[in-house]
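For reference, run_6.cif is printed below; it contains mmCIF, C-alpha atoms and all ligand atoms.
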data_protein
loop_
_atom_site.group_PDB
_atom_site.id
_atom_site.type_symbol
_atom_site.label_atom_id
_atom_site.label_comp_id
_atom_site.auth_asym_id
_atom_site.auth_seq_id
_atom_site.Cartn_x
_atom_site.Cartn_y
_atom_site.Cartn_z
ATOM 1 C CA MET A 1 -56.241 160.987 266.371
ATOM 2 C CA THR A 2 -56.947 164.351 264.823
ATOM 3 C CA ARG A 3 -54.160 166.906 264.786
ATOM 4 C CA ILE A 4 -55.504 170.473 264.676
ATOM 5 C CA ILE A 5 -52.934 173.038 263.562
ATOM 6 C CA ALA A 6 -53.486 176.793 263.473
ATOM 7 C CA ILE A 7 -51.251 178.528 260.935
ATOM 8 C CA ALA A 8 -50.619 181.906 262.501
ATOM 9 C CA ASN A 9 -48.414 184.968 262.345
ATOM 10 C CA GLN A 10 -49.839 188.448 262.769
ATOM 11 C CA LYS A 11 -47.601 189.662 259.972
ATOM 12 C CA GLY A 12 -49.226 189.621 256.548
ATOM 13 C CA GLY A 13 -47.523 188.144 253.535
ATOM 14 C CA VAL A 14 -45.320 185.633 255.360
ATOM 15 C CA GLY A 15 -46.797 182.556 253.671
ATOM 16 C CA LYS A 16 -49.593 181.469 256.037
ATOM 17 C CA THR A 17 -52.165 180.873 253.322
ATOM 18 C CA THR A 18 -49.650 179.361 250.901
ATOM 19 C CA THR A 19 -48.564 176.950 253.634
ATOM 20 C CA CYS A 20 -52.146 176.094 254.595
ATOM 21 C CA VAL A 21 -53.290 175.229 251.069
ATOM 22 C CA ASN A 22 -50.123 173.446 249.972
ATOM 23 C CA LEU A 23 -49.562 171.509 253.162
ATOM 24 C CA ALA A 24 -53.212 170.392 252.973
ATOM 25 C CA ALA A 25 -52.726 169.161 249.398
ATOM 26 C CA SER A 26 -49.445 167.448 250.294
ATOM 27 C CA LEU A 27 -50.943 165.646 253.305
ATOM 28 C CA ALA A 28 -53.957 164.672 251.183
ATOM 29 C CA ALA A 29 -51.562 163.259 248.565
ATOM 30 C CA THR A 30 -50.332 160.837 251.226
ATOM 31 C CA GLN A 31 -53.924 159.651 251.785
ATOM 32 C CA ARG A 32 -54.467 161.640 254.962
ATOM 33 C CA ARG A 33 -57.939 163.066 255.518
ATOM 34 C CA VAL A 34 -57.533 166.832 255.636
ATOM 35 C CA LEU A 35 -59.789 169.794 256.356
ATOM 36 C CA VAL A 36 -58.775 173.403 255.693
ATOM 37 C CA VAL A 37 -60.591 175.964 257.845
ATOM 38 C CA ASP A 38 -60.398 179.550 256.602
ATOM 39 C CA VAL A 39 -60.921 182.139 259.354
ATOM 40 C CA ASP A 40 -59.301 185.014 257.459
ATOM 41 C CA PRO A 41 -61.896 187.516 256.121
ATOM 42 C CA GLN A 42 -59.722 187.826 252.992
ATOM 43 C CA GLY A 43 -60.766 184.273 252.104
ATOM 44 C CA ASN A 44 -57.497 183.646 250.269
ATOM 45 C CA ALA A 45 -57.226 180.020 251.336
ATOM 46 C CA THR A 46 -60.797 179.427 250.145
ATOM 47 C CA MET A 47 -60.076 180.955 246.732
ATOM 48 C CA GLY A 48 -56.680 179.253 246.548
ATOM 49 C CA CYS A 49 -58.459 175.897 246.851
ATOM 50 C CA GLY A 50 -60.693 176.743 243.904
ATOM 51 C CA ILE A 51 -63.801 177.739 245.843
ATOM 52 C CA ASP A 52 -65.602 180.991 245.102
ATOM 53 C CA LYS A 53 -65.802 182.711 248.482
ATOM 54 C CA THR A 54 -68.664 184.953 247.301
ATOM 55 C CA THR A 55 -71.074 182.159 246.374
ATOM 56 C CA VAL A 56 -70.671 179.653 249.214
ATOM 57 C CA GLU A 57 -73.902 178.907 251.039
ATOM 58 C CA TYR A 58 -72.408 179.189 254.516
ATOM 59 C CA SER A 59 -69.026 180.279 255.773
ATOM 60 C CA ALA A 60 -66.877 180.179 258.889
ATOM 61 C CA CYS A 61 -68.797 183.296 259.979
ATOM 62 C CA ASP A 62 -72.079 181.342 260.184
ATOM 63 C CA VAL A 63 -70.307 178.489 261.933
ATOM 64 C CA MET A 64 -68.764 180.712 264.585
ATOM 65 C CA LEU A 65 -71.992 182.582 265.216
ATOM 66 C CA GLY A 66 -73.917 179.314 265.509
ATOM 67 C CA ASP A 67 -76.052 179.947 262.401
ATOM 68 C CA ALA A 68 -74.820 176.848 260.558
ATOM 69 C CA SER A 69 -73.130 173.597 261.508
ATOM 70 C CA ALA A 70 -69.599 172.811 260.365
ATOM 71 C CA ALA A 71 -70.966 169.738 258.549
ATOM 72 C CA ASP A 72 -73.365 171.894 256.503
ATOM 73 C CA THR A 73 -70.639 174.435 255.713
ATOM 74 C CA ILE A 74 -67.771 172.177 254.625
ATOM 75 C CA VAL A 75 -67.361 171.883 250.867
ATOM 76 C CA SER A 76 -65.166 169.810 248.555
ATOM 77 C CA PRO A 77 -62.935 171.741 246.186
ATOM 78 C CA PRO A 78 -62.955 170.581 242.550
ATOM 79 C CA GLU A 79 -59.446 169.091 242.971
ATOM 80 C CA GLY A 80 -56.968 168.328 245.709
ATOM 81 C CA GLY A 81 -58.685 165.587 247.679
ATOM 82 C CA PHE A 82 -59.271 167.569 250.850
ATOM 83 C CA ALA A 83 -62.205 169.433 252.378
ATOM 84 C CA VAL A 84 -62.633 173.153 253.059
ATOM 85 C CA LEU A 85 -64.634 175.134 255.565
ATOM 86 C CA PRO A 86 -64.715 178.388 253.587
ATOM 87 C CA GLY A 87 -64.207 181.912 254.859
ATOM 88 C CA ASN A 88 -64.972 185.342 253.435
ATOM 89 C CA GLU A 89 -65.491 188.986 254.418
ATOM 90 C CA ASP A 90 -68.503 188.023 256.555
ATOM 91 C CA LEU A 91 -65.902 187.005 259.134
ATOM 92 C CA THR A 92 -65.328 190.689 259.867
ATOM 93 C CA LEU A 93 -68.890 190.729 261.161
ATOM 94 C CA ALA A 94 -68.309 187.573 263.169
ATOM 95 C CA GLU A 95 -65.315 189.156 264.822
ATOM 96 C CA VAL A 96 -67.353 192.144 266.003
ATOM 97 C CA LYS A 97 -70.368 190.075 267.072
ATOM 98 C CA LEU A 98 -68.243 187.556 268.933
ATOM 99 C CA LEU A 99 -66.974 190.268 271.241
ATOM 100 C CA GLN A 100 -70.413 190.437 272.859
ATOM 101 C CA GLU A 101 -70.816 186.702 273.322
ATOM 102 C CA ILE A 102 -70.123 184.519 276.308
ATOM 103 C CA GLY A 103 -67.455 181.902 275.650
ATOM 104 C CA ARG A 104 -66.501 183.891 272.574
ATOM 105 C CA GLU A 105 -63.069 182.289 272.177
ATOM 106 C CA MET A 106 -64.554 178.757 272.241
ATOM 107 C CA LYS A 107 -66.912 179.123 269.259
ATOM 108 C CA LEU A 108 -64.733 177.524 266.599
ATOM 109 C CA ARG A 109 -63.560 174.756 268.911
ATOM 110 C CA LYS A 110 -67.155 173.827 269.779
ATOM 111 C CA ALA A 111 -68.277 173.994 266.162
ATOM 112 C CA LEU A 112 -65.455 171.726 264.950
ATOM 113 C CA GLY A 113 -66.096 169.178 267.700
ATOM 114 C CA PRO A 114 -68.695 167.073 265.830
ATOM 115 C CA VAL A 115 -66.632 166.816 262.616
ATOM 116 C CA ALA A 116 -63.052 166.749 263.921
ATOM 117 C CA GLY A 117 -62.940 162.934 264.132
ATOM 118 C CA LEU A 118 -63.521 162.691 260.369
ATOM 119 C CA TYR A 119 -60.060 164.095 259.648
ATOM 120 C CA ASP A 120 -56.430 163.277 260.362
ATOM 121 C CA PHE A 121 -55.401 166.913 260.028
ATOM 122 C CA ILE A 122 -57.325 170.156 260.376
ATOM 123 C CA LEU A 123 -55.353 173.199 259.208
ATOM 124 C CA ILE A 124 -56.718 176.609 260.225
ATOM 125 C CA ASP A 125 -55.594 179.613 258.159
ATOM 126 C CA CYS A 126 -55.501 182.699 260.413
ATOM 127 C CA PRO A 127 -55.860 186.393 259.574
ATOM 128 C CA PRO A 128 -52.793 188.659 259.739
ATOM 129 C CA SER A 129 -53.592 189.977 263.213
ATOM 130 C CA ILE A 130 -54.053 188.763 266.762
ATOM 131 C CA ASN A 131 -57.806 189.239 267.048
ATOM 132 C CA MET A 132 -60.783 187.197 268.222
ATOM 133 C CA LEU A 133 -60.682 185.097 265.038
ATOM 134 C CA THR A 134 -57.058 184.157 265.679
ATOM 135 C CA VAL A 135 -57.813 183.495 269.352
ATOM 136 C CA ASN A 136 -60.651 181.179 268.260
ATOM 137 C CA ALA A 137 -58.213 179.329 265.995
ATOM 138 C CA LEU A 138 -55.669 179.027 268.822
ATOM 139 C CA THR A 139 -58.359 177.777 271.194
ATOM 140 C CA ALA A 140 -59.500 175.138 268.696
ATOM 141 C CA ALA A 141 -55.958 173.971 267.882
ATOM 142 C CA ASP A 142 -53.446 171.758 269.625
ATOM 143 C CA GLY A 143 -50.501 173.185 267.747
ATOM 144 C CA VAL A 144 -49.470 176.426 266.080
ATOM 145 C CA LEU A 145 -47.423 176.410 262.897
ATOM 146 C CA ILE A 146 -45.677 179.761 262.513
ATOM 147 C CA PRO A 147 -44.495 180.627 259.003
ATOM 148 C CA MET A 148 -41.673 183.171 259.048
ATOM 149 C CA GLN A 149 -39.732 185.062 256.468
ATOM 150 C CA CYS A 150 -36.121 185.281 257.535
ATOM 151 C CA GLU A 151 -35.793 189.050 257.539
ATOM 152 C CA TYR A 152 -34.860 191.736 260.010
ATOM 153 C CA TYR A 153 -38.210 192.426 261.721
ATOM 154 C CA ALA A 154 -39.353 188.823 261.711
ATOM 155 C CA LEU A 155 -38.234 188.032 265.245
ATOM 156 C CA GLU A 156 -39.791 191.184 266.649
ATOM 157 C CA GLY A 157 -43.353 190.073 265.876
ATOM 158 C CA LEU A 158 -42.673 186.577 267.114
ATOM 159 C CA SER A 159 -42.616 187.459 270.817
ATOM 160 C CA ALA A 160 -46.112 189.005 270.647
ATOM 161 C CA LEU A 161 -47.436 185.835 269.026
ATOM 162 C CA LEU A 162 -45.661 183.610 271.547
ATOM 163 C CA ASN A 163 -47.201 185.686 274.374
ATOM 164 C CA THR A 164 -50.671 185.184 272.935
ATOM 165 C CA ILE A 165 -50.057 181.465 272.554
ATOM 166 C CA GLU A 166 -48.936 181.346 276.193
ATOM 167 C CA GLN A 167 -52.045 183.246 277.321
ATOM 168 C CA VAL A 168 -54.388 180.915 275.442
ATOM 169 C CA HIS A 169 -52.416 177.951 276.765
ATOM 170 C CA SER A 170 -52.731 179.048 280.384
ATOM 171 C CA SER A 171 -56.405 180.085 280.177
ATOM 172 C CA VAL A 172 -58.674 178.143 277.820
ATOM 173 C CA ASN A 173 -56.453 175.628 276.017
ATOM 174 C CA PRO A 174 -53.810 173.785 278.062
ATOM 175 C CA ASP A 175 -53.158 171.484 275.058
ATOM 176 C CA LEU A 176 -51.812 174.289 272.901
ATOM 177 C CA GLN A 177 -48.167 174.134 271.844
ATOM 178 C CA VAL A 178 -45.945 175.706 269.241
ATOM 179 C CA TYR A 179 -46.038 172.970 266.613
ATOM 180 C CA GLY A 180 -43.184 174.417 264.628
ATOM 181 C CA ILE A 181 -41.599 177.424 263.006
ATOM 182 C CA LEU A 182 -41.393 177.260 259.219
ATOM 183 C CA ARG A 183 -38.890 179.273 257.215
ATOM 184 C CA THR A 184 -40.719 180.495 254.103
ATOM 185 C CA MET A 185 -39.784 182.331 250.896
ATOM 186 C CA PHE A 186 -36.211 181.506 251.729
ATOM 187 C CA ASP A 187 -33.403 182.806 249.551
ATOM 188 C CA PRO A 188 -29.999 181.416 250.610
ATOM 189 C CA ARG A 189 -28.196 184.058 248.528
ATOM 190 C CA ILE A 190 -29.274 186.721 251.013
ATOM 191 C CA ASN A 191 -26.853 186.926 253.947
ATOM 192 C CA LEU A 192 -29.460 188.337 256.308
ATOM 193 C CA SER A 193 -31.771 185.386 255.614
ATOM 194 C CA ASN A 194 -29.035 182.990 256.633
ATOM 195 C CA GLU A 195 -28.313 184.993 259.783
ATOM 196 C CA VAL A 196 -31.957 185.142 260.876
ATOM 197 C CA SER A 197 -32.333 181.464 260.059
ATOM 198 C CA GLN A 198 -29.342 180.712 262.280
ATOM 199 C CA GLN A 199 -30.828 182.787 265.111
ATOM 200 C CA LEU A 200 -34.100 180.901 264.832
ATOM 201 C CA LEU A 201 -32.281 177.585 265.097
ATOM 202 C CA GLU A 202 -30.315 178.791 268.136
ATOM 203 C CA HIS A 203 -33.407 180.068 269.962
ATOM 204 C CA PHE A 204 -35.991 177.516 268.989
ATOM 205 C CA ASP A 205 -33.882 174.490 268.154
ATOM 206 C CA GLU A 206 -36.030 171.465 267.336
ATOM 207 C CA LYS A 207 -39.148 173.650 267.058
ATOM 208 C CA VAL A 208 -37.806 174.873 263.704
ATOM 209 C CA PHE A 209 -38.854 172.596 260.849
ATOM 210 C CA ARG A 210 -35.844 171.181 259.002
ATOM 211 C CA THR A 211 -37.725 171.695 255.762
ATOM 212 C CA VAL A 212 -37.192 175.160 254.302
ATOM 213 C CA ILE A 213 -39.647 176.609 251.769
ATOM 214 C CA PRO A 214 -37.745 178.404 248.994
ATOM 215 C CA ARG A 215 -38.983 181.420 247.118
ATOM 216 C CA ASN A 216 -40.569 179.834 244.079
ATOM 217 C CA ILE A 217 -42.627 181.467 241.348
ATOM 218 C CA ARG A 218 -44.887 178.412 240.920
ATOM 219 C CA LEU A 219 -46.089 178.824 244.512
ATOM 220 C CA ALA A 220 -47.058 182.419 243.771
ATOM 221 C CA GLU A 221 -48.801 181.503 240.508
ATOM 222 C CA ALA A 222 -50.862 178.550 241.711
ATOM 223 C CA PRO A 223 -53.563 180.562 243.578
ATOM 224 C CA SER A 224 -54.544 182.366 240.376
ATOM 225 C CA PHE A 225 -55.524 178.952 239.018
ATOM 226 C CA GLY A 226 -57.384 178.147 242.242
ATOM 227 C CA ARG A 227 -55.269 175.097 242.940
ATOM 228 C CA PRO A 228 -52.412 173.951 245.144
ATOM 229 C CA VAL A 229 -48.969 173.964 243.534
ATOM 230 C CA LEU A 230 -48.940 170.172 243.514
ATOM 231 C CA LEU A 231 -51.653 170.278 240.837
ATOM 232 C CA HIS A 232 -50.126 173.270 239.053
ATOM 233 C CA ASP A 233 -46.549 172.022 238.669
ATOM 234 C CA ARG A 234 -45.737 168.989 240.753
ATOM 235 C CA SER A 235 -42.064 168.967 239.839
ATOM 236 C CA SER A 236 -41.500 172.575 240.966
ATOM 237 C CA ARG A 237 -39.267 173.286 243.942
ATOM 238 C CA GLY A 238 -42.304 174.751 245.702
ATOM 239 C CA ALA A 239 -44.316 171.552 245.329
ATOM 240 C CA ILE A 240 -41.394 169.377 246.397
ATOM 241 C CA SER A 241 -40.706 171.500 249.486
ATOM 242 C CA TYR A 242 -44.303 171.279 250.734
ATOM 243 C CA LEU A 243 -44.275 167.513 250.139
ATOM 244 C CA ALA A 244 -41.099 167.429 252.240
ATOM 245 C CA LEU A 245 -42.827 169.424 254.980
ATOM 246 C CA ALA A 246 -45.729 166.969 254.972
ATOM 247 C CA GLY A 247 -43.192 164.132 255.255
ATOM 248 C CA GLU A 248 -41.467 165.809 258.188
ATOM 249 C CA ILE A 249 -44.806 166.314 259.939
ATOM 250 C CA LEU A 250 -45.882 162.700 259.374
ATOM 251 C CA ARG A 251 -42.570 161.399 260.737
ATOM 252 C CA ARG A 252 -43.030 163.615 263.758
ATOM 253 C CA GLU A 253 -46.580 162.343 264.288
ATOM 254 C CA ASP A 254 -45.381 158.726 264.004
ATOM 255 C CA ALA A 255 -42.685 159.390 266.618
ATOM 256 C CA HIS A 256 -45.326 161.000 268.821
ATOM 257 C CA VAL A 257 -47.588 157.945 268.579
ATOM 258 C CA ALA A 258 -44.657 155.601 269.242
ATOM 259 C CA GLN A 259 -43.788 157.606 272.351
ATOM 260 C CA ALA A 260 -47.358 157.444 273.633
ATOM 261 C CA VAL A 261 -47.580 153.645 273.322
HETATM 262 N N1 LIG A 301 -42.410 180.364 248.881
HETATM 263 C C1 LIG A 301 -42.959 181.331 248.146
HETATM 264 N N2 LIG A 301 -42.379 181.707 246.995
HETATM 265 C C2 LIG A 301 -42.912 182.704 246.248
HETATM 266 N N3 LIG A 301 -44.013 183.382 246.563
HETATM 267 C C3 LIG A 301 -44.645 183.041 247.700
HETATM 268 C C4 LIG A 301 -44.158 182.002 248.550
HETATM 269 N N4 LIG A 301 -44.984 181.894 249.630
HETATM 270 C C5 LIG A 301 -45.940 182.826 249.446
HETATM 271 N N5 LIG A 301 -45.751 183.521 248.299
HETATM 272 C C6 LIG A 301 -46.556 184.637 247.797
HETATM 273 O O1 LIG A 301 -46.391 185.710 248.714
HETATM 274 C C7 LIG A 301 -47.642 186.350 248.941
HETATM 275 C C8 LIG A 301 -48.014 186.252 250.421
HETATM 276 O O2 LIG A 301 -48.187 184.874 250.764
HETATM 277 P P1 LIG A 301 -49.439 184.386 251.610
HETATM 278 O O3 LIG A 301 -49.329 182.912 251.732
HETATM 279 O O4 LIG A 301 -50.706 184.929 251.041
HETATM 280 O O5 LIG A 301 -49.130 185.071 253.005
HETATM 281 P P2 LIG A 301 -50.072 185.346 254.261
HETATM 282 O O6 LIG A 301 -51.210 184.380 254.205
HETATM 283 O O7 LIG A 301 -49.181 185.146 255.439
HETATM 284 O O8 LIG A 301 -50.539 186.769 254.159
HETATM 285 C C9 LIG A 301 -48.633 185.684 248.031
HETATM 286 O O9 LIG A 301 -48.727 186.437 246.838
HETATM 287 C C10 LIG A 301 -48.023 184.316 247.758
HETATM 288 O O10 LIG A 301 -48.421 183.797 246.516
HETATM 289 MG MG MG A 302 -53.259 184.740 254.238
#
Show this structure as structure tokens.
Ligand SMILES: Nc1ncnc2c1ncn2[C@@H]1O[C@H](COP(=O)(O)OP(=O)(O)O)[C@@H](O)[C@H]1O
Ligand SMILES: [Mg+2]
Amino acid sequence: MTRIIAIANQKGGVGKTTTCVNLAASLAATQRRVLVVDVDPQGNATMGCGIDKTTVEYSACDVMLGDASAADTIVSPPEGGFAVLPGNEDLTLAEVKLLQEIGREMKLRKALGPVAGLYDFILIDCPPSINMLTVNALTAADGVLIPMQCEYYALEGLSALLNTIEQVHSSVNPDLQVYGILRTMFDPRINLSNEVSQQLLEHFDEKVFRTVIPRNIRLAEAPSFGRPVLLHDRSSRGAISYLALAGEILRREDAHVAQAV
């Protein structure tokens, strides 16, 4: 079964792209078949995987507008062992054009349909806003992974995102659930971080991943080499924490399958 996870938070700089690329590499390292889909016009996930967003033949824009198939658009990064459906600034155009189309929120879901079965995990990196691109990602997904920095305003933005998830759930995608909340760039020396973390656990309980991603310089450096941290410094705390997240997710999926049988 394919698990499709949208990585979303309308706040920028919370670790969406870092989580997308590094979770993909970590799942691929455990022999899972993984596809990264980049629907952020910034194309950071694409570049972070070592693909030049300016020279790709097709992008997620073409796919969403029906000008190219997903199969023709997906590329293999030089390293990492997973596939990428690249995104770039053309997506800004897609967002505007989609507004005039019928079934506009279903475009990505429909486009991924023919290829979804080829992968165990599809991770969709969302832009830092709740727009038609994000809604397309939420409509295509069955779970939302929400990276959060444990700081004062973090919880404020969360309710808007949860509302959107609920709206998509009750209209076009009844399968959609919050897959998990991930604490990112965590620094245990900061009291406020510990407090917010505690609040998250109280409110969201088992929806909060037990794995915590620490602030780690190797995670910040890796994109400039166009590779996941696992290939940049596999013994770094950043690499180890994303491997742990992959492990937590795989255990959860196994429990899910066991429950279904
Ligand atoms: N755990 C981390 N430790 C250190 N730097 C990080 C970490 N996670 C992300 N970063 C850096 O913080 C910035 C924002 O992260 P990014 O993943 O691009 O966020 P988003 O996609 O939500 O905008 C980037 O420069 C990234 O390299
Ligand atoms: Mg990003």
task = Would you kindly return, as an MDAnalysis selection string, each protein, DNA or RNA residue with an atom no farther than 9 Å from any atom of Gly43 of chain A, considering only C-alpha atoms and excluding same-chain residues fewer than 5 positions away?
result = chainID A and resid 38 48 53 86:89
task = Please write the residues picked by the PyMOL selection byres (((not hetatm)) within 10 of (chain A and resi 301)) on this file as an MDAnalysis selection string.
result = chainID A and resid 7:22 40 42:45 48 125:128 146:149 183:187 212:224 237:239 241:242
ask   = From the list A:Asn136, A:Ser59, A:Ser159, A:Thr92, which residue is nearest Ile74 of chain A when using all atoms listed in the file?
value = A:Ser59
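Shortest separation to Ala71 of chain A among A:Leu155, A:Gly113, A:Ser235, A:Asp142 occurs at residue A:Gly113, atoms counted being all atoms listed in the file.
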query = So how many Å separate atom CA of Thr73 of chain A and atom CA of Tyr58 of chain A, to one decimal?
reply =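 One can read the atom CA of Thr73 of chain A to atom CA of Tyr58 of chain A distance as 5.2 Å.
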d(atom CA of Thr164 of chain A, atom CA of Val135 of chain A) in Å =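 Here the two named atoms are 8.2 Å from each other.
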query = What's the 10 Å shell around Gln31 of chain A, counting all atoms listed in the file, without same-chain residues fewer than 3 positions away, as a list in words?
reply = Ala25, Ser26, Leu27, Ala28, Val34, Gly81, Phe82 and Asp120 of chain A
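Nearest residue to Gly247 of chain A among A:Val56, A:Leu23, A:Ala111, A:Met64 is A:Leu23, counting only C-alpha atoms.
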Padding 5 Å on every side, please: axis-aligned box over the listed atoms of segment 63-69 of chain A, centre and edge lengths to one decimal in Å, as lines of an AutoDock Vina configuration file.
center_x = -72.4
center_y = 178.1
center_z = 263.0
size_x = 17.3
size_y = 19.0
size_z = 15.0
ask   = Using the chain letters and numbers from the file, which residues does the PyMOL selection byres (((chain A and resi 2) around 9) and not hetatm) grab, as JSON, numbers by chain?
value = {"A": [1, 3, 4, 116, 117, 118, 119, 120, 121, 122]}
Computed interatomic separation between atom CA of Thr46 of chain A and atom CA of Ile249 of chain A (Å) =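 These two atoms are separated by 22.9 Å.
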ask   = Which residue, A:Ala244, A:Met106, A:Ile190, A:Ile124, has the smallest gap to ligand MG 302 (chain A) when you use all atoms listed in the file?
value =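 Between A:Ala244, A:Met106, A:Ile190, A:Ile124, the residue approaching ligand MG 302 (chain A) most closely is A:Ile124.
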task = Quick one: everything within 6 Å of Val84 of chain A, counting all atoms listed in the file, minus sequence neighbours fewer than 5 positions away in the same chain. Send it as a ChimeraX atom specification.
result = /A:35-37,74-75
task = Give me the residues within 9 Å of Phe204 of chain A as a ChimeraX atom specification, counting all atoms listed in the file and dropping any in the same chain fewer than 4 places off.
result = /A:180-181,199-200,208
query = Hey, which of A:Glu105, A:Ser129, A:Lys207, A:Ala68 ends up closest to ligand MG 302 (chain A)? Count all atoms listed in the file.
reply =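 For ligand MG 302 (chain A), the nearest of the given residues is A:Ser129.
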query = Written as a PyMOL selection string, what is the full residue list that the PyMOL selection byres (((chain A and resi 66) around 12) and not hetatm) yields on the file shown?
reply = chain A and resi 58-65+67-70+72-73+94+97-98+101+104+106-112
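Restricting the calculation to all atoms listed in the file, the smallest distance between ligand MG 302 (chain A) and any of A:Val39, A:Glu57, A:Glu253, A:Pro78 is found for A:Val39.
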task = Compile the contact shell of Ala29 of chain A as an MDAnalysis selection string: residues with an atom at most 9 Å away, counting all atoms listed in the file, same-chain residues fewer than 5 positions apart removed.
result = chainID A and resid 24 80:81 230 243
